[in-house]
Amino acid sequence: MIPSIKTSRPARIWPGAIQAIAAGALLAALVLLAACRTEAGAPSAGRMAVVTSNVILADFARQVGGDRVAVTSLIPPGVDLHSFQTTPQDSVTISRARVIITNGMGLDDFLLPVLDAAKQPGAVHVAASAGLENLQEEPAADAHATEDDHQAEAPHFWLDPLLAVHYVERIRDGLVQADPSGAATYQANADRYLQQLRDLDREIAQTLEQVPPAHRHLVTYHNAFGYFARRYGWQTSSFLEATGGDVTPTQISAVMGQLRAQGIPAVFAEPQFRSDVLEQAARDAGVPVGIVYTDVLDATVPTYIDLMRYNAKSLVQYLK
Ligand SMILES: [Zn+2]
C-alpha cells in the first residue's frame, strides 16, 4: 500500500511541539516512501527508468528490458487500478522516467494529466493497446446502464495472450526508441518472451479443453474477460462493467438467472475486489466461488504468465 500524503496544514490550535512532531513524522514517512520506491523507481546504476501504470505492464517491460531498465508501476501490486489515486511521490517517479507505458482504452486514461504534467521532455509514451480494436460489449441486462459511455470500452486486452503479444511489441519499440544502443538486447528479449506468450496461448487452449463446452461460461465480478472469452470460445458475464460503476440488483439477478438456466457450476471472484455481493449471489444459487486474476499480480501469481496459467487451472478446477 502507498501511504497517502496529506498536504493540508495542521490546525492552528496545535501547540508548536506537536506540529514539530507531526512534521517529523511526515518527513519520516516521506523518507520511508522514498526508500520503498528506490529499488524499483530510482534510475539505479545506469539503468533506464521506465514507469508503467500497472503491474502487468511492468512485467512486460521487465521481460523486454531485462537488466537495462529499472521499472516502476505507479499502481502498486494488489491495488485496484479502477479506483487508484496518485500521490506527489508519483510525479517525482514519472519525472525520472525515459519511457512511460500505459494501457489506454479508458483503463488508465485518468493518469494522463499527471503524466503529461510530470514527464520529462523527450520521454517516450507507449499506449500499449493502441492499434487494437476495441471489443464492442454486449448491452448490459439493465438497459439504462448502457447510457454510460464507459460500458463500450473494454480495455483488458492482455487477458488474450495473442493480444499481449501486441503490447510487448509496442513496449519493445518504445524501449528501442528511447535507448537505441540497447536495440539488440530488447529485440532478443522480446523474441524470447513473445515465443513464451504464443506457447502460453496454446497451453491455455489445451487446458481449457478439460471444461465441458456447456460449462464454458465465466461469471466474474468485473467485466474483464471479453477478449479471453473471444479467443477461447467462451461466454462471459459480470456484475460490474469494465471501468467501474455500481452493481445493480437487476444486473445480479440477470447474471445469476442465466447461470442457473445453463447449469454453470461456479462463479469467480478477483483478489482486488471485495467479493461480498458475488459471494451472497453464489450462496443464493448454491454454487462455489473460485478465484481468477485480472488486473493485479501478487505472491501467488508474480508474473503475467503465472496469472494466465492460474486462471486456466482455476476454471478447470471449478467448471469441469
Ligand atoms: Zn480491470
# chains A, B, ... in the order shown; residues from 1 in each chain; ligands from 1

call {"tool": "residues_near_ligand", "arguments": {"ligand": "ligand 1", "cutoff": "9 Å", "atoms": "only C-alpha atoms and all ligand atoms", "output": "PyMOL selection string"}}
result
chain A and resi 80-82+107+154-156+222-224+242-244+294-296

call {"tool": "write_last_selection", "arguments": {"atoms": "N, CA and C atoms", "output": "compact mmCIF listing (two decimals), in the first residue's frame"}}
result
# COMPACT_ATOMS: atom_id res chain seq x y z
N ASP A 80 -6.49 -2.08 -6.67
CA ASP A 80 -7.45 -1.98 -7.78
C ASP A 80 -7.20 -0.70 -8.58
N LEU A 81 -6.81 -0.85 -9.84
CA LEU A 81 -6.45 0.33 -10.63
C LEU A 81 -7.65 1.18 -10.99
N HIS A 82 -8.84 0.58 -10.92
CA HIS A 82 -10.02 1.36 -11.29
C HIS A 82 -10.33 2.45 -10.26
N LEU A 107 -8.72 2.53 -19.54
CA LEU A 107 -8.33 1.87 -18.29
C LEU A 107 -7.57 2.82 -17.36
N ALA A 154 -13.59 -1.67 -23.54
CA ALA A 154 -13.16 -2.95 -23.00
C ALA A 154 -11.64 -2.98 -23.04
N PRO A 155 -10.98 -2.52 -21.98
CA PRO A 155 -9.53 -2.31 -22.03
C PRO A 155 -8.66 -3.52 -21.69
N HIS A 156 -9.26 -4.66 -21.29
CA HIS A 156 -8.46 -5.77 -20.75
C HIS A 156 -7.96 -6.70 -21.85
N HIS A 222 -16.06 -8.20 -12.07
CA HIS A 222 -15.95 -7.09 -13.04
C HIS A 222 -15.68 -7.60 -14.44
N ASN A 223 -16.12 -6.81 -15.40
CA ASN A 223 -16.18 -7.23 -16.79
C ASN A 223 -14.79 -7.10 -17.43
N ALA A 224 -14.02 -8.19 -17.44
CA ALA A 224 -12.64 -8.11 -17.91
C ALA A 224 -12.29 -9.19 -18.93
N ALA A 242 -16.67 -2.91 -17.07
CA ALA A 242 -15.20 -2.91 -17.08
C ALA A 242 -14.57 -1.75 -16.33
N THR A 243 -15.14 -0.59 -16.44
CA THR A 243 -14.46 0.57 -15.86
C THR A 243 -15.15 1.09 -14.60
N GLY A 244 -15.85 0.21 -13.92
CA GLY A 244 -16.39 0.58 -12.62
C GLY A 244 -17.87 0.88 -12.64
N THR A 294 -7.12 -10.62 -12.80
CA THR A 294 -7.29 -9.80 -14.00
C THR A 294 -6.25 -8.68 -14.08
N ASP A 295 -6.28 -7.78 -13.09
CA ASP A 295 -5.50 -6.54 -13.16
C ASP A 295 -4.32 -6.51 -12.21
N VAL A 296 -4.18 -7.49 -11.33
CA VAL A 296 -3.14 -7.42 -10.30
C VAL A 296 -2.25 -8.66 -10.33

call {"tool": "select_by_dssp", "arguments": {"residues": "segment 68-233 of chain A", "states": "strand (DSSP E)", "output": "ChimeraX atom specification"}}
result
/A:69-73,99-102,124-127,217-222

call {"tool": "residues_around", "arguments": {"residues": "Pro302 of chain A", "least_positions_apart": "6", "cutoff": "12 Å", "atoms": "only C-alpha atoms", "output": "VMD selection string"}}
result
chain A and resid 55 to 56 58 to 59 77 to 78 293 296 308 to 310

call {"tool": "residues_around", "arguments": {"residues": "segment 181-187 of chain A", "least_positions_apart": "2", "cutoff": "7 Å", "atoms": "only C-alpha atoms", "output": "compact mmCIF listing (two decimals) with C-alpha atoms, in the first residue's frame"}}
result
# COMPACT_ATOMS: atom_id res chain seq x y z
CA VAL A 64 11.78 -6.98 -22.63
CA GLY A 65 14.08 -4.51 -20.85
CA ARG A 172 9.84 -3.24 -27.31
CA VAL A 176 14.33 0.90 -28.62
CA ASP A 179 17.53 3.69 -25.87
CA ASN A 189 14.47 -10.43 -25.07
CA ALA A 190 11.21 -9.63 -26.87
CA ASP A 191 11.65 -12.52 -29.32

call {"tool": "residues_around", "arguments": {"residues": "Pro265 of chain A", "least_positions_apart": "6", "cutoff": "9 Å", "atoms": "only C-alpha atoms", "output": "list in words"}}
result
His215, Leu259, Gly286, Val287, Pro288, Tyr318, Leu319 and Lys320 of chain A

call {"tool": "atom_distance", "arguments": {"atom1": "atom CA of Arg260 of chain A", "atom2": "atom CA of Ala214 of chain A"}}
result
12.3 Å

call {"tool": "atom_distance", "arguments": {"atom1": "atom CA of Ala282 of chain A", "atom2": "atom CA of Val267 of chain A"}}
result
6.8 Å

call {"tool": "atom_distance", "arguments": {"atom1": "atom CA of Thr87 of chain A", "atom2": "atom CA of Asn54 of chain A"}}
result
14.9 Å

call {"tool": "residues_around", "arguments": {"residues": "Lys313 of chain A", "least_positions_apart": "5", "cutoff": "12 Å", "atoms": "only C-alpha atoms", "output": "mmCIF file with N, CA and C atoms, in the first residue's frame"}}
result
data_model
loop_
_atom_site.group_PDB
_atom_site.id
_atom_site.type_symbol
_atom_site.label_atom_id
_atom_site.label_comp_id
_atom_site.auth_asym_id
_atom_site.auth_seq_id
_atom_site.Cartn_x
_atom_site.Cartn_y
_atom_site.Cartn_z
ATOM 1 N N GLU A 203 -1.052 -23.568 -24.643
ATOM 2 C CA GLU A 203 -1.187 -24.306 -23.386
ATOM 3 C C GLU A 203 -2.558 -24.045 -22.747
ATOM 4 N N ILE A 204 -2.989 -22.785 -22.754
ATOM 5 C CA ILE A 204 -4.286 -22.443 -22.151
ATOM 6 C C ILE A 204 -5.425 -23.093 -22.932
ATOM 7 N N ALA A 205 -5.346 -23.014 -24.262
ATOM 8 C CA ALA A 205 -6.383 -23.636 -25.088
ATOM 9 C C ALA A 205 -6.510 -25.121 -24.748
ATOM 10 N N GLN A 206 -5.346 -25.762 -24.564
ATOM 11 C CA GLN A 206 -5.316 -27.194 -24.245
ATOM 12 C C GLN A 206 -5.911 -27.458 -22.860
ATOM 13 N N THR A 207 -5.504 -26.637 -21.873
ATOM 14 C CA THR A 207 -6.004 -26.798 -20.503
ATOM 15 C C THR A 207 -7.526 -26.655 -20.469
ATOM 16 N N LEU A 208 -8.032 -25.666 -21.200
ATOM 17 C CA LEU A 208 -9.478 -25.369 -21.150
ATOM 18 C C LEU A 208 -10.315 -26.447 -21.823
ATOM 19 N N GLU A 209 -9.651 -27.312 -22.623
ATOM 20 C CA GLU A 209 -10.369 -28.430 -23.245
ATOM 21 C C GLU A 209 -11.013 -29.329 -22.194
ATOM 22 N N GLN A 210 -10.465 -29.282 -20.960
ATOM 23 C CA GLN A 210 -10.993 -30.141 -19.896
ATOM 24 C C GLN A 210 -12.350 -29.665 -19.371
ATOM 25 N N VAL A 211 -12.753 -28.449 -19.731
ATOM 26 C CA VAL A 211 -14.062 -27.936 -19.299
ATOM 27 C C VAL A 211 -15.100 -28.317 -20.352
ATOM 28 N N GLY A 290 -14.789 -19.461 -7.121
ATOM 29 C CA GLY A 290 -13.366 -19.644 -7.428
ATOM 30 C C GLY A 290 -12.680 -18.290 -7.511
ATOM 31 N N ILE A 291 -11.367 -18.314 -7.782
ATOM 32 C CA ILE A 291 -10.593 -17.059 -7.922
ATOM 33 C C ILE A 291 -10.019 -16.987 -9.336
ATOM 34 N N VAL A 292 -10.132 -15.816 -9.945
ATOM 35 C CA VAL A 292 -9.367 -15.520 -11.163
ATOM 36 C C VAL A 292 -8.702 -14.156 -10.997
ATOM 37 N N TYR A 293 -7.573 -13.988 -11.674
ATOM 38 C CA TYR A 293 -6.837 -12.725 -11.632
ATOM 39 C C TYR A 293 -7.061 -11.958 -12.932
ATOM 40 N N ASP A 306 2.210 -16.436 -15.050
ATOM 41 C CA ASP A 306 1.649 -17.148 -13.891
ATOM 42 C C ASP A 306 0.161 -16.861 -13.741
ATOM 43 N N LEU A 307 -0.195 -15.597 -13.945
ATOM 44 C CA LEU A 307 -1.609 -15.182 -13.835
ATOM 45 C C LEU A 307 -2.471 -15.977 -14.811
ATOM 46 N N MET A 308 -2.035 -16.040 -16.060
ATOM 47 C CA MET A 308 -2.837 -16.707 -17.083
ATOM 48 C C MET A 308 -2.953 -18.216 -16.820
ATOM 49 N N TYR A 318 -13.014 -25.541 -11.173
ATOM 50 C CA TYR A 318 -14.380 -25.242 -10.732
ATOM 51 C C TYR A 318 -15.474 -25.546 -11.747
ATOM 52 N N LEU A 319 -15.094 -25.653 -13.013
ATOM 53 C CA LEU A 319 -16.140 -25.770 -14.039
ATOM 54 C C LEU A 319 -16.149 -27.110 -14.772
ATOM 55 N N LYS A 320 -15.162 -27.975 -14.511
ATOM 56 C CA LYS A 320 -15.102 -29.202 -15.316
ATOM 57 C C LYS A 320 -16.240 -30.175 -14.938
#
